[in-house]
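Asker: So here's protein.txt (compact mmCIF, C-alpha atoms).
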```txt
# COMPACT_ATOMS: atom_id res chain seq x y z
CA MET A 1 -0.78 41.50 2.56
CA LYS A 2 0.25 43.83 -0.21
CA GLY A 3 -0.52 41.92 -3.38
CA MET A 4 1.91 40.69 -5.96
CA THR A 5 3.89 42.21 -8.82
CA ILE A 6 2.48 44.07 -11.82
CA ILE A 7 2.78 41.00 -14.06
CA VAL A 8 0.55 38.93 -11.80
CA LYS A 9 -1.98 41.75 -11.57
CA GLU A 10 -2.20 42.19 -15.35
CA VAL A 11 -2.53 38.44 -15.98
CA THR A 12 -5.23 38.24 -13.32
CA THR A 13 -7.11 41.07 -15.01
CA LEU A 14 -7.03 39.19 -18.30
CA VAL A 15 -7.93 35.78 -16.92
CA ILE A 16 -10.44 36.42 -14.15
CA GLY A 17 -13.37 37.06 -16.49
CA PHE A 18 -12.91 33.74 -18.24
CA ILE A 19 -12.65 31.88 -14.95
CA LEU A 20 -15.88 33.39 -13.64
CA LEU A 21 -17.66 32.83 -16.97
CA TYR A 22 -16.60 29.19 -17.07
CA SER A 23 -17.77 28.64 -13.51
CA ILE A 24 -21.16 30.19 -14.34
CA ASN A 25 -21.35 27.96 -17.40
CA LEU A 26 -20.63 24.91 -15.25
CA ILE A 27 -23.38 25.90 -12.82
CA LEU A 28 -26.04 26.64 -15.44
CA THR A 29 -25.53 23.57 -17.64
CA GLY A 30 -24.90 21.16 -14.80
CA HIS A 31 -27.88 19.01 -15.71
CA LEU A 32 -26.77 18.50 -19.32
CA THR A 33 -22.97 18.23 -19.20
CA PRO A 34 -20.43 17.39 -16.50
CA GLY A 35 -20.38 20.09 -13.88
CA GLY A 36 -22.97 21.25 -11.42
CA GLY A 37 -23.34 23.46 -8.43
CA PHE A 38 -20.54 22.06 -6.31
CA VAL A 39 -17.69 22.31 -8.79
CA GLY A 40 -18.97 25.60 -10.20
CA GLY A 41 -19.15 27.07 -6.73
CA VAL A 42 -15.66 25.93 -5.79
CA MET A 43 -14.31 27.35 -9.06
CA LEU A 44 -16.06 30.67 -8.33
CA ALA A 45 -14.36 30.70 -4.94
CA CYS A 46 -11.02 29.98 -6.65
CA GLY A 47 -11.52 33.02 -8.88
CA PHE A 48 -12.15 35.25 -5.89
CA ILE A 49 -9.17 33.78 -4.07
CA LEU A 50 -7.01 34.58 -7.10
CA MET A 51 -8.21 38.18 -6.93
CA VAL A 52 -7.47 38.40 -3.20
CA LEU A 53 -4.01 36.90 -3.60
CA SER A 54 -2.94 39.03 -6.52
CA TYR A 55 -4.42 42.41 -5.66
CA GLY A 56 -4.08 42.32 -1.90
CA LYS A 57 -6.87 42.37 0.59
CA GLU A 58 -7.31 46.13 0.79
CA LYS A 59 -8.18 46.53 -2.89
CA VAL A 60 -10.89 43.88 -2.98
CA ASN A 61 -12.30 44.55 0.44
CA SER A 62 -15.33 46.37 -1.00
CA LEU A 63 -16.12 43.42 -3.27
CA ILE A 64 -15.47 40.43 -1.03
CA SER A 65 -15.39 40.82 2.71
CA ASP A 66 -16.22 38.37 5.44
CA ARG A 67 -19.59 40.04 5.90
CA SER A 68 -20.65 39.81 2.23
CA THR A 69 -19.57 36.17 1.97
CA THR A 70 -21.62 35.34 5.04
CA VAL A 71 -24.68 37.06 3.55
CA TRP A 72 -24.31 35.24 0.21
CA ASP A 73 -23.76 31.95 2.04
CA CYS A 74 -26.93 32.26 4.08
CA SER A 75 -28.99 33.42 1.10
CA GLY A 76 -27.82 30.46 -0.99
CA ALA A 77 -28.77 27.98 1.72
CA PHE A 78 -32.10 29.74 2.20
CA ALA A 79 -32.82 29.66 -1.55
CA PHE A 80 -32.15 25.92 -1.64
CA LEU A 81 -34.52 25.38 1.26
CA VAL A 82 -37.20 27.54 -0.44
CA ILE A 83 -36.88 25.48 -3.62
CA ALA A 84 -37.33 22.35 -1.53
CA LEU A 85 -40.36 23.80 0.27
CA LEU A 86 -41.99 24.95 -2.98
CA GLY A 87 -42.25 21.31 -3.87
CA TYR A 88 -45.23 21.12 -1.54
CA PHE A 89 -47.24 22.79 -4.33
CA ALA A 90 -46.79 19.54 -6.22
CA GLY A 91 -47.44 17.54 -3.10
CA ASP A 92 -44.06 16.60 -1.72
CA PHE A 93 -40.83 17.93 -0.25
CA PHE A 94 -38.27 18.34 -3.05
CA ALA A 95 -40.87 17.57 -5.72
CA ASN A 96 -39.86 18.57 -9.24
CA PHE A 97 -42.82 20.82 -9.88
CA PHE A 98 -41.91 22.70 -13.06
CA ALA A 99 -43.13 21.84 -16.52
CA GLN A 100 -40.43 20.19 -18.59
CA PRO A 101 -40.67 21.04 -22.28
CA GLY A 102 -38.60 18.36 -23.93
CA ASN A 103 -35.21 16.94 -23.07
CA PHE A 104 -31.62 18.05 -23.60
CA ARG A 105 -32.39 21.77 -23.34
CA LEU A 106 -31.45 24.40 -20.81
CA PHE A 107 -34.88 24.59 -19.20
CA SER A 108 -35.66 20.90 -19.36
CA GLY A 109 -34.54 20.08 -15.86
CA GLY A 110 -37.41 21.49 -13.82
CA THR A 111 -36.05 22.61 -10.47
CA ILE A 112 -32.60 21.10 -10.98
CA PRO A 113 -30.99 24.22 -12.60
CA LEU A 114 -32.49 26.42 -9.87
CA ALA A 115 -31.13 24.14 -7.16
CA ASN A 116 -27.78 24.14 -8.95
CA ILE A 117 -27.67 27.93 -8.85
CA ALA A 118 -28.51 27.97 -5.13
CA ILE A 119 -25.89 25.31 -4.33
CA GLY A 120 -23.29 27.11 -6.43
CA ILE A 121 -23.80 30.42 -4.62
CA LYS A 122 -23.71 28.65 -1.29
CA VAL A 123 -20.57 26.59 -1.85
CA GLY A 124 -18.70 29.45 -3.53
CA ALA A 125 -19.47 31.90 -0.75
CA CYS A 126 -18.57 29.26 1.86
CA MET A 127 -15.15 28.50 0.42
CA ALA A 128 -14.28 32.14 -0.28
CA GLY A 129 -15.38 33.00 3.27
CA ALA A 130 -13.23 30.24 4.74
CA PHE A 131 -10.18 31.46 2.85
CA ILE A 132 -10.82 35.07 3.80
CA ALA A 133 -11.26 34.10 7.44
CA LEU A 134 -8.00 32.15 7.41
CA THR A 135 -6.16 34.96 5.63
CA LEU A 136 -7.52 38.21 6.99
CA PHE A 137 -8.31 37.54 10.62
CA ARG A 138 -4.89 37.76 12.13
CA GLY A 139 -4.49 37.59 15.84
CA PRO A 140 -2.20 39.62 18.10
CA ALA A 141 0.68 37.38 17.09
CA GLU A 142 1.09 39.26 13.84
CA SER A 143 4.84 38.82 13.86
CA PHE A 144 5.31 35.14 13.25
CA PRO A 145 8.82 34.05 12.40
CA GLY A 146 8.42 34.57 8.69
CA GLY A 147 4.68 35.05 8.82
CA LYS A 148 4.46 38.10 6.61
CA LEU A 149 1.80 37.37 4.02
CA MET B 1 -3.79 -13.44 -6.11
CA ASN B 2 -7.07 -12.79 -7.77
CA LEU B 3 -6.62 -10.11 -10.40
CA GLN B 4 -10.26 -9.06 -10.29
CA THR B 5 -9.99 -7.80 -6.70
CA LEU B 6 -6.58 -6.14 -7.01
CA PRO B 7 -7.88 -2.53 -7.52
CA PHE B 8 -10.00 -2.82 -4.36
CA LEU B 9 -6.94 -3.99 -2.44
CA LEU B 10 -4.90 -1.03 -3.71
CA ALA B 11 -7.63 1.33 -2.52
CA MET B 12 -7.50 -0.33 0.89
CA ILE B 13 -3.72 0.16 0.95
CA VAL B 14 -4.30 3.89 0.40
CA VAL B 15 -6.66 3.82 3.40
CA ALA B 16 -4.00 2.00 5.45
CA VAL B 17 -1.36 4.62 4.62
CA GLY B 18 -3.72 7.37 5.75
CA LEU B 19 -4.52 5.49 8.95
CA TYR B 20 -0.83 5.05 9.72
CA ALA B 21 -0.28 8.79 9.29
CA VAL B 22 -3.17 9.66 11.58
CA VAL B 23 -2.07 7.27 14.32
CA CYS B 24 1.71 7.62 14.29
CA LYS B 25 2.68 11.10 13.16
CA LYS B 26 3.21 13.89 15.63
CA ASN B 27 3.00 16.89 13.33
CA LEU B 28 -0.46 18.43 13.04
CA ILE B 29 -0.04 19.08 9.31
CA LYS B 30 0.91 15.44 8.79
CA ILE B 31 -2.24 14.38 10.64
CA ILE B 32 -4.38 16.62 8.42
CA VAL B 33 -2.68 15.12 5.36
CA GLY B 34 -3.41 11.65 6.72
CA ILE B 35 -7.10 12.45 7.01
CA ILE B 36 -7.07 13.72 3.41
CA ILE B 37 -5.45 10.46 2.28
CA LEU B 38 -8.11 8.47 4.16
CA ASP B 39 -10.70 10.48 2.26
CA TYR B 40 -9.01 9.66 -1.06
CA GLY B 41 -8.92 5.95 -0.30
CA ALA B 42 -12.57 5.78 0.70
CA ASN B 43 -13.61 7.72 -2.41
CA LEU B 44 -11.52 5.47 -4.65
CA PHE B 45 -12.97 2.29 -3.12
CA LEU B 46 -16.53 3.54 -3.51
CA MET B 47 -15.88 4.58 -7.10
CA LEU B 48 -14.43 1.19 -8.02
CA THR B 49 -17.55 -0.65 -6.88
CA GLY B 50 -19.73 1.04 -9.46
CA TYR B 51 -17.55 0.53 -12.50
CA ARG B 52 -18.61 -1.65 -15.37
CA GLU B 53 -16.24 -3.11 -17.93
CA ASN B 54 -15.88 -0.62 -20.84
CA GLY B 55 -18.45 1.58 -19.18
CA LEU B 56 -19.71 4.94 -20.38
CA ALA B 57 -20.14 8.03 -18.26
CA PRO B 58 -23.77 8.32 -17.03
CA ILE B 59 -24.53 11.35 -19.19
CA ARG B 60 -26.92 11.05 -22.10
CA THR B 61 -26.78 13.07 -25.28
CA ALA B 62 -29.54 13.57 -27.81
CA ASN B 63 -28.31 11.20 -30.51
CA MET B 64 -27.58 8.22 -28.28
CA ASN B 65 -29.27 4.84 -28.44
CA ALA B 66 -31.24 4.33 -25.23
CA ASP B 67 -30.84 0.55 -24.97
CA ASN B 68 -27.15 0.76 -25.72
CA PHE B 69 -26.79 3.38 -23.00
CA LEU B 70 -28.63 1.28 -20.43
CA ASN B 71 -26.42 -1.70 -21.18
CA SER B 72 -23.13 0.13 -20.87
CA SER B 73 -23.50 2.98 -18.37
CA VAL B 74 -21.67 2.95 -15.05
CA ASP B 75 -23.50 3.26 -11.76
CA PRO B 76 -24.51 6.90 -11.02
CA VAL B 77 -25.29 6.42 -7.32
CA PRO B 78 -21.71 6.12 -5.97
CA GLN B 79 -20.72 9.13 -8.08
CA ALA B 80 -23.39 11.25 -6.42
CA LEU B 81 -22.29 10.07 -2.97
CA ILE B 82 -18.60 10.78 -3.72
CA LEU B 83 -19.44 14.26 -5.05
CA THR B 84 -20.91 15.25 -1.68
CA SER B 85 -18.06 13.48 0.13
CA ILE B 86 -15.35 15.48 -1.68
CA VAL B 87 -16.94 18.83 -0.85
CA ILE B 88 -17.49 17.84 2.79
CA GLY B 89 -13.82 16.84 2.92
CA LEU B 90 -12.90 20.36 1.81
CA GLY B 91 -15.02 21.83 4.61
CA THR B 92 -13.40 19.62 7.23
CA VAL B 93 -9.94 20.51 5.92
CA ALA B 94 -10.77 24.20 6.33
CA LEU B 95 -11.92 23.60 9.91
CA MET B 96 -8.82 21.55 10.79
CA THR B 97 -6.59 24.20 9.25
CA ALA B 98 -8.23 26.88 11.40
CA LEU B 99 -7.69 24.76 14.52
CA ALA B 100 -4.05 24.16 13.59
CA ILE B 101 -3.47 27.89 13.14
CA ARG B 102 -4.93 28.66 16.55
CA ILE B 103 -2.92 25.89 18.21
CA TYR B 104 0.21 27.31 16.61
CA GLU B 105 -0.63 30.78 17.86
CA LYS B 106 -1.03 29.50 21.41
CA TYR B 107 1.83 27.00 21.71
CA GLU B 108 4.09 28.08 18.81
CA THR B 109 4.56 24.51 17.64
CA PHE B 110 2.82 21.87 15.54
CA ASP B 111 4.12 19.05 17.72
CA ILE B 112 1.22 17.39 19.47
CA SER B 113 3.43 15.89 22.17
CA GLU B 114 4.36 19.41 23.32
CA ILE B 115 0.75 20.50 23.62
CA LYS B 116 0.11 19.18 27.07
CA GLN B 117 -1.26 22.00 29.11
CA LEU B 118 -4.92 21.95 28.18
CA LYS B 119 -5.81 25.10 30.03
CA GLY B 120 -7.99 27.77 28.55
CA MET C 1 -7.00 -2.37 -16.07
CA ALA C 2 -3.20 -2.26 -16.17
CA ILE C 3 -3.23 1.53 -16.48
CA LEU C 4 -5.61 1.69 -13.54
CA ILE C 5 -3.28 -0.41 -11.38
CA VAL C 6 -0.28 1.73 -12.34
CA LEU C 7 -2.17 4.92 -11.46
CA SER C 8 -3.29 3.42 -8.14
CA LEU C 9 0.31 2.52 -7.36
CA PHE C 10 1.27 6.10 -8.11
CA VAL C 11 -1.38 7.32 -5.67
CA ILE C 12 0.03 4.99 -2.99
CA LEU C 13 3.58 6.18 -3.71
CA ALA C 14 2.59 9.84 -3.50
CA ALA C 15 0.73 9.16 -0.25
CA ILE C 16 3.76 7.45 1.30
CA VAL C 17 6.03 10.30 0.22
CA ALA C 18 3.54 12.79 1.65
CA VAL C 19 3.49 10.97 4.98
CA GLU C 20 7.20 10.37 5.32
CA ALA C 21 8.72 13.55 3.86
CA LYS C 22 10.89 15.62 6.15
CA ASP C 23 9.82 18.98 4.76
CA LEU C 24 6.28 20.24 5.10
CA LEU C 25 6.35 21.80 1.62
CA SER C 26 7.18 18.38 0.12
CA THR C 27 4.30 16.90 2.08
CA VAL C 28 1.79 19.40 0.73
CA ILE C 29 3.02 19.09 -2.88
CA SER C 30 2.93 15.28 -2.70
CA ILE C 31 -0.66 15.31 -1.52
CA GLY C 32 -1.40 17.49 -4.54
CA ALA C 33 0.16 14.88 -6.83
CA ALA C 34 -1.91 12.13 -5.22
CA GLY C 35 -5.11 14.10 -5.74
CA LEU C 36 -4.27 14.80 -9.37
CA MET C 37 -3.69 11.10 -10.07
CA LEU C 38 -6.97 10.34 -8.30
CA SER C 39 -8.75 12.70 -10.66
CA VAL C 40 -7.21 10.90 -13.65
CA ILE C 41 -8.48 7.61 -12.19
CA PHE C 42 -11.97 9.11 -11.85
CA LEU C 43 -11.83 10.20 -15.48
CA MET C 44 -10.85 6.69 -16.56
CA LEU C 45 -13.62 5.11 -14.53
CA GLY C 46 -16.30 7.12 -16.33
CA ALA C 47 -16.93 9.98 -13.91
CA PRO C 48 -16.06 13.34 -15.51
CA ASP C 49 -18.04 15.21 -12.82
CA LEU C 50 -15.84 13.79 -10.12
CA ALA C 51 -12.67 14.46 -12.10
CA ILE C 52 -13.44 18.18 -12.43
CA THR C 53 -14.49 18.42 -8.79
CA GLN C 54 -11.39 16.62 -7.56
CA VAL C 55 -9.04 18.92 -9.49
CA VAL C 56 -10.70 22.12 -8.28
CA VAL C 57 -11.02 20.96 -4.67
CA GLU C 58 -7.39 19.83 -4.76
CA VAL C 59 -6.25 23.31 -5.78
CA LEU C 60 -8.24 24.96 -2.99
CA CYS C 61 -7.01 22.40 -0.44
CA LEU C 62 -3.43 23.04 -1.51
CA VAL C 63 -3.87 26.79 -1.07
CA LEU C 64 -5.28 26.32 2.43
CA LEU C 65 -2.56 23.87 3.49
CA ILE C 66 0.26 26.02 2.11
CA ARG C 67 -1.26 28.99 3.91
CA THR C 68 -1.07 26.98 7.12
CA ALA C 69 2.14 25.08 6.76
CA ILE C 70 4.66 27.15 4.91
CA LEU C 71 4.45 30.41 6.79
CA ARG C 72 5.07 28.78 10.13
CA GLU C 73 8.43 27.78 11.41
CA ASP C 74 8.57 24.04 11.64
CA THR C 75 9.97 22.84 14.92
CA THR C 76 10.37 19.23 14.00
CA PHE C 77 10.71 16.42 16.41
CA GLU C 78 10.61 13.25 14.31
CA ALA C 79 14.09 12.30 15.51
CA ARG C 80 12.80 11.41 18.93
CA ARG C 81 9.67 9.61 17.92
CA ASP C 82 8.71 6.51 19.75
CA ARG C 83 9.58 3.27 18.02
CA PHE C 84 6.80 1.36 19.73
CA ILE C 85 4.15 3.68 18.32
CA VAL C 86 5.53 3.33 14.80
CA ALA C 87 5.63 -0.46 15.09
CA ALA C 88 2.07 -0.54 16.44
CA GLY C 89 0.87 1.69 13.61
CA LEU C 90 2.54 -0.44 10.95
CA VAL C 91 1.09 -3.62 12.47
CA GLY C 92 -2.36 -2.04 12.55
CA ALA C 93 -2.17 -0.90 8.93
CA GLY C 94 -0.95 -4.32 7.84
CA LEU C 95 -3.76 -5.97 9.77
CA LEU C 96 -6.26 -3.71 8.01
CA VAL C 97 -4.90 -4.70 4.59
CA ALA C 98 -4.92 -8.40 5.52
CA VAL C 99 -8.51 -8.32 6.74
CA ALA C 100 -9.49 -6.38 3.62
CA TYR C 101 -7.80 -9.00 1.44
CA ALA C 102 -9.69 -11.78 3.17
CA ALA C 103 -12.98 -9.92 2.89
CA LEU C 104 -12.51 -8.95 -0.75
CA GLN C 105 -12.44 -12.60 -1.81
CA ALA C 106 -16.20 -12.73 -1.30
CA MET C 107 -16.83 -9.68 -3.45
CA VAL C 108 -17.93 -9.68 -7.05
CA GLY C 109 -14.99 -8.85 -9.25
CA PHE C 110 -13.97 -5.50 -10.53
CA GLY C 111 -15.96 -4.42 -13.58
CA ASN C 112 -19.00 -6.60 -12.92
CA PRO C 113 -21.34 -4.75 -10.55
CA LEU C 114 -24.67 -6.19 -9.55
CA MET C 115 -26.56 -3.84 -11.84
CA ALA C 116 -24.83 -5.21 -14.92
CA ALA C 117 -26.46 -8.63 -14.83
CA ASP C 118 -29.94 -7.60 -15.96
CA PRO C 119 -30.73 -4.04 -17.13
CA GLU C 120 -34.43 -4.52 -16.35
CA SER C 121 -33.89 -5.63 -12.75
CA LEU C 122 -35.13 -3.68 -9.75
CA THR C 123 -31.78 -2.56 -8.37
CA LEU C 124 -31.45 1.10 -7.46
CA ALA C 125 -29.02 2.03 -10.23
CA ASN C 126 -31.12 0.39 -12.92
CA GLN C 127 -34.25 2.12 -11.73
CA TYR C 128 -32.48 5.48 -11.83
CA LEU C 129 -31.03 4.79 -15.28
CA ASN C 130 -34.34 3.56 -16.69
CA HIS C 131 -36.57 6.35 -15.43
CA GLY C 132 -34.19 9.23 -14.72
CA LEU C 133 -34.59 11.11 -17.97
CA GLU C 134 -38.37 11.17 -18.21
CA LYS C 135 -38.89 11.84 -14.50
CA THR C 136 -36.44 14.69 -14.02
CA GLY C 137 -35.50 15.89 -17.50
CA ALA C 138 -31.81 16.00 -16.59
CA ALA C 139 -29.49 14.30 -19.05
CA ASN C 140 -26.71 14.13 -16.46
CA TYR C 141 -27.79 11.27 -14.24
CA VAL C 142 -25.43 12.22 -11.43
CA MET C 143 -27.19 15.57 -11.08
CA ALA C 144 -30.56 13.83 -11.34
CA VAL C 145 -29.64 11.56 -8.44
CA LEU C 146 -28.01 14.35 -6.46
CA LEU C 147 -30.65 17.06 -6.74
CA ASP C 148 -33.86 15.17 -7.37
CA PHE C 149 -33.94 11.55 -6.24
CA ARG C 150 -31.64 11.95 -3.26
CA ALA C 151 -31.93 15.67 -2.58
CA TYR C 152 -32.05 15.08 1.17
CA ASP C 153 -28.39 14.12 0.95
CA THR C 154 -27.60 17.44 -0.62
CA LEU C 155 -29.55 19.31 2.04
CA GLY C 156 -27.61 17.54 4.77
CA GLU C 157 -24.37 18.20 2.94
CA ALA C 158 -25.17 21.92 2.72
CA THR C 159 -25.84 21.87 6.46
CA VAL C 160 -22.48 20.21 7.15
CA ILE C 161 -20.55 22.77 5.08
CA PHE C 162 -22.44 25.59 6.76
CA CYS C 163 -21.55 24.25 10.21
CA SER C 164 -17.88 23.81 9.28
CA ILE C 165 -17.61 27.38 8.01
CA ILE C 166 -19.34 28.69 11.12
CA GLY C 167 -16.77 26.68 13.06
CA VAL C 168 -13.93 28.30 11.12
CA TYR C 169 -15.28 31.75 11.89
CA ALA C 170 -15.78 30.92 15.56
CA VAL C 171 -12.28 29.50 15.93
CA ILE C 172 -10.43 32.19 14.02
CA ARG C 173 -12.04 35.46 14.94
CA LYS C 174 -10.85 37.54 17.85
CA VAL C 175 -13.95 39.56 18.68
CA GLY C 176 -15.20 39.08 22.20
CA LYS C 177 -12.06 37.48 23.50
CA THR C 178 -10.46 39.41 26.34
CA THR C 179 -7.60 37.26 27.54
CA THR C 180 -4.31 37.89 25.86
```
Let's see the structure in the file written out as structure tokens.
Answerer:
Amino acid sequence: MKGMTIIVKEVTTLVIGFILLYSINLILTGHLTPGGGFVGGVMLACGFILMVLSYGKEKVNSLISDRSTTVWDCSGAFAFLVIALLGYFAGDFFANFFAQPGNFRLFSGGTIPLANIAIGIKVGACMAGAFIALTLFRGPAESFPGGKL
Amino acid sequence: MNLQTLPFLLAMIVVAVGLYAVVCKKNLIKIIVGIIILDYGANLFLMLTGYRENGLAPIRTANMNADNFLNSSVDPVPQALILTSIVIGLGTVALMTALAIRIYEKYETFDISEIKQLKG
Amino acid sequence: MAILIVLSLFVILAAIVAVEAKDLLSTVISIGAAGLMLSVIFLMLGAPDLAITQVVVEVLCLVLLIRTAILREDTTFEARRDRFIVAAGLVGAGLLVAVAYAALQAMVGFGNPLMAADPESLTLANQYLNHGLEKTGAANYVMAVLLDFRAYDTLGEATVIFCSIIGVYAVIRKVGKTTT
């Protein structure tokens, strides 16, 4: 897997920042506008997949490997569970225990933005890890009839 | 033909097409595609049940009349259920794709009628 | 309503093309078209969250399926498929549609859900819509339902995705396997 031509690499360099910024925007303002953790996470994974496809797997191996995606995946799931367990301070599992100063603002959702961040990290790492596993882990049958990726 | 139930019937036809693909096709990729179509049909049917005539999206903004919103918003519960369903569908597609790749590596075909020796 | 029916017919057409196409590339591209039309339907039905999610998930699904399907040599076999199986499948699908048509006659019509009759009633949707903003502070009611009222669903969903990805790793990786 060598990566693509110079045009694809340059366009990816220009575009990838906007894709990641938009996905972070979707995750953070999920409780005010359409968006949320799921779609933001999948879009984050799409950005990483674009990087893997255009640059080749050797160049991005320090940034996204199967090990790092597994670690991010587990930490996202663990953060979501911790947010759920912290609700016991207010008396219940998944209780919305933060103060909510007013509506229609970034910090008005209580635990919902925090849970969105955790879900976004989890889903993004999951999908990027699935793609990397399907792409990078090649078996002994490396020479498929036309299987040169 | 009752026009008010026609969209539900079209969603059920999508489900039937997916079911036909799962039962009758012999290519593994076609079977995966059939399961995706089943997913689409179920999501579409569930979404249609919550719709209200001339409904608004269930998202409030600051300068919106509360009573007007309550009288014209669509149902948010099926949307939440479908949102989890779509992402779970993506996870199952990834798992089925991995299985298909391994089956191809072992038998060098996607034809399920050729995969008969179930030995390890 | 008419636009909705036309878009649904397009989804059905794309699904049939995806099922019956000879080439696997046509199959994968047709399923992409069906998903795109489905996202337009979601946007029309007042669900922008679902429309965004459907588009993004569709792109990722397409990448995975092309990764699987296109790089492999397709040894096709549809010429010698069994006619009895096809007939049985068609009869079963037709039976499903017929039973659905009979059952749908008892349903309330499209565009008039149960919550619409009385906004002050005690149905689930009306309770969420009445008290969602002051109880959670989230202006997007879908997120309020997903992450506050019904957060157990989301926890279970996270578990399911986690298990599926663990399954992908376990199926794909070669470490620890000695037979060749």
Asker: With distances taken over only C-alpha atoms, which of B:Lys25, B:Arg52, B:Lys116, B:Lys106 is nearest to chain C?
Answerer: B:Arg52
Asker: Write out as a list in words every residue belonging to chain B that has an atom at most 6 Å from any atom of chain C, counting all atoms listed in the file.
Answerer: Gln4, Thr5, Val14, Ala16, Tyr20, Cys24, Tyr51, Arg52, Glu53, Leu56, Ala57, Pro58, Ile59, Arg60, Asp75, Pro76, Ala80, Gly91, Leu95 and Ala98 of chain B
Asker: How about saving the chosen residues, C-alpha atoms kept, as a compact mmCIF listing (two decimals), in the frame of the given file?
Answerer:
```
# COMPACT_ATOMS: atom_id res chain seq x y z
CA GLN B 4 -10.26 -9.06 -10.29
CA THR B 5 -9.99 -7.80 -6.70
CA VAL B 14 -4.30 3.89 0.40
CA ALA B 16 -4.00 2.00 5.45
CA TYR B 20 -0.83 5.05 9.72
CA CYS B 24 1.71 7.62 14.29
CA TYR B 51 -17.55 0.53 -12.50
CA ARG B 52 -18.61 -1.65 -15.37
CA GLU B 53 -16.24 -3.11 -17.93
CA LEU B 56 -19.71 4.94 -20.38
CA ALA B 57 -20.14 8.03 -18.26
CA PRO B 58 -23.77 8.32 -17.03
CA ILE B 59 -24.53 11.35 -19.19
CA ARG B 60 -26.92 11.05 -22.10
CA ASP B 75 -23.50 3.26 -11.76
CA PRO B 76 -24.51 6.90 -11.02
CA ALA B 80 -23.39 11.25 -6.42
CA GLY B 91 -15.02 21.83 4.61
CA LEU B 95 -11.92 23.60 9.91
CA ALA B 98 -8.23 26.88 11.40
```
Asker: Using only C-alpha atoms, which protein or nucleic acid residues come within 7 Å of Gly129 of chain A? Drop anything in the same chain fewer than 3 positions from it, and give the result as a VMD selection string.
Answerer: chain A and resid 66 69 to 70 125 to 126 132 to 133
Asker: With C-alpha atoms retained, write the just-selected residues as a PDB file, in the coordinates of the input.
Answerer:
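What landed in part.pdb:
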```pdb
ATOM      1  CA  ASP A  66     -16.220  38.370   5.440  1.00  0.00           C
ATOM      2  CA  THR A  69     -19.570  36.170   1.970  1.00  0.00           C
ATOM      3  CA  THR A  70     -21.620  35.340   5.040  1.00  0.00           C
ATOM      4  CA  ALA A 125     -19.470  31.900  -0.750  1.00  0.00           C
ATOM      5  CA  CYS A 126     -18.570  29.260   1.860  1.00  0.00           C
ATOM      6  CA  ILE A 132     -10.820  35.070   3.800  1.00  0.00           C
ATOM      7  CA  ALA A 133     -11.260  34.100   7.440  1.00  0.00           C
TER       8      ALA A 133
END
```
Asker: With a distance threshold of 6 Å and counting all atoms listed in the file, extract the residues of chain A near chain C and express them as a PyMOL selection string.
Answerer: chain A and resi 31-32+34-35+39+103+108-109+147
Asker: What does the distance between atom CA of Asn116 of chain A and atom CA of Val71 of chain A come to in Å, to one decimal place?
Answerer: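 If I compute the distance from atom CA of Asn116 of chain A to atom CA of Val71 of chain A, I get 18.2 Å.
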Asker: Give as a PDB file with C-alpha atoms, keeping the file's coordinate frame every residue of chain A that touches chain B within 8 Å, counting all atoms listed in the file.
Answerer:
```pdb
ATOM      1  CA  LEU A  32     -26.770  18.500 -19.320  1.00  0.00           C
ATOM      2  CA  THR A  33     -22.970  18.230 -19.200  1.00  0.00           C
ATOM      3  CA  PRO A  34     -20.430  17.390 -16.500  1.00  0.00           C
ATOM      4  CA  PHE A  38     -20.540  22.060  -6.310  1.00  0.00           C
ATOM      5  CA  PHE A 104     -31.620  18.050 -23.600  1.00  0.00           C
ATOM      6  CA  MET A 127     -15.150  28.500   0.420  1.00  0.00           C
ATOM      7  CA  ALA A 130     -13.230  30.240   4.740  1.00  0.00           C
ATOM      8  CA  LEU A 134      -8.000  32.150   7.410  1.00  0.00           C
ATOM      9  CA  ALA A 141       0.680  37.380  17.090  1.00  0.00           C
TER      10      ALA A 141
END
```
Asker: Please report the interatomic distance between atom CA of Leu20 of chain A and atom CA of Phe48 of chain A in Å with one decimal.
Answerer: 8.8 Å
Asker: Find the distance between atom CA of Ile16 of chain A and atom CA of Gly47 of chain A and write it in Å to one decimal.
Answerer: 6.4 Å
Asker: Ranking B:Leu19, B:Leu70, B:Leu3, B:Leu46 by minimum distance to Ile32 of chain B and counting all atoms listed in the file, which one comes first?
Answerer: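 Closest to Ile32 of chain B, using all atoms listed in the file: B:Leu19.
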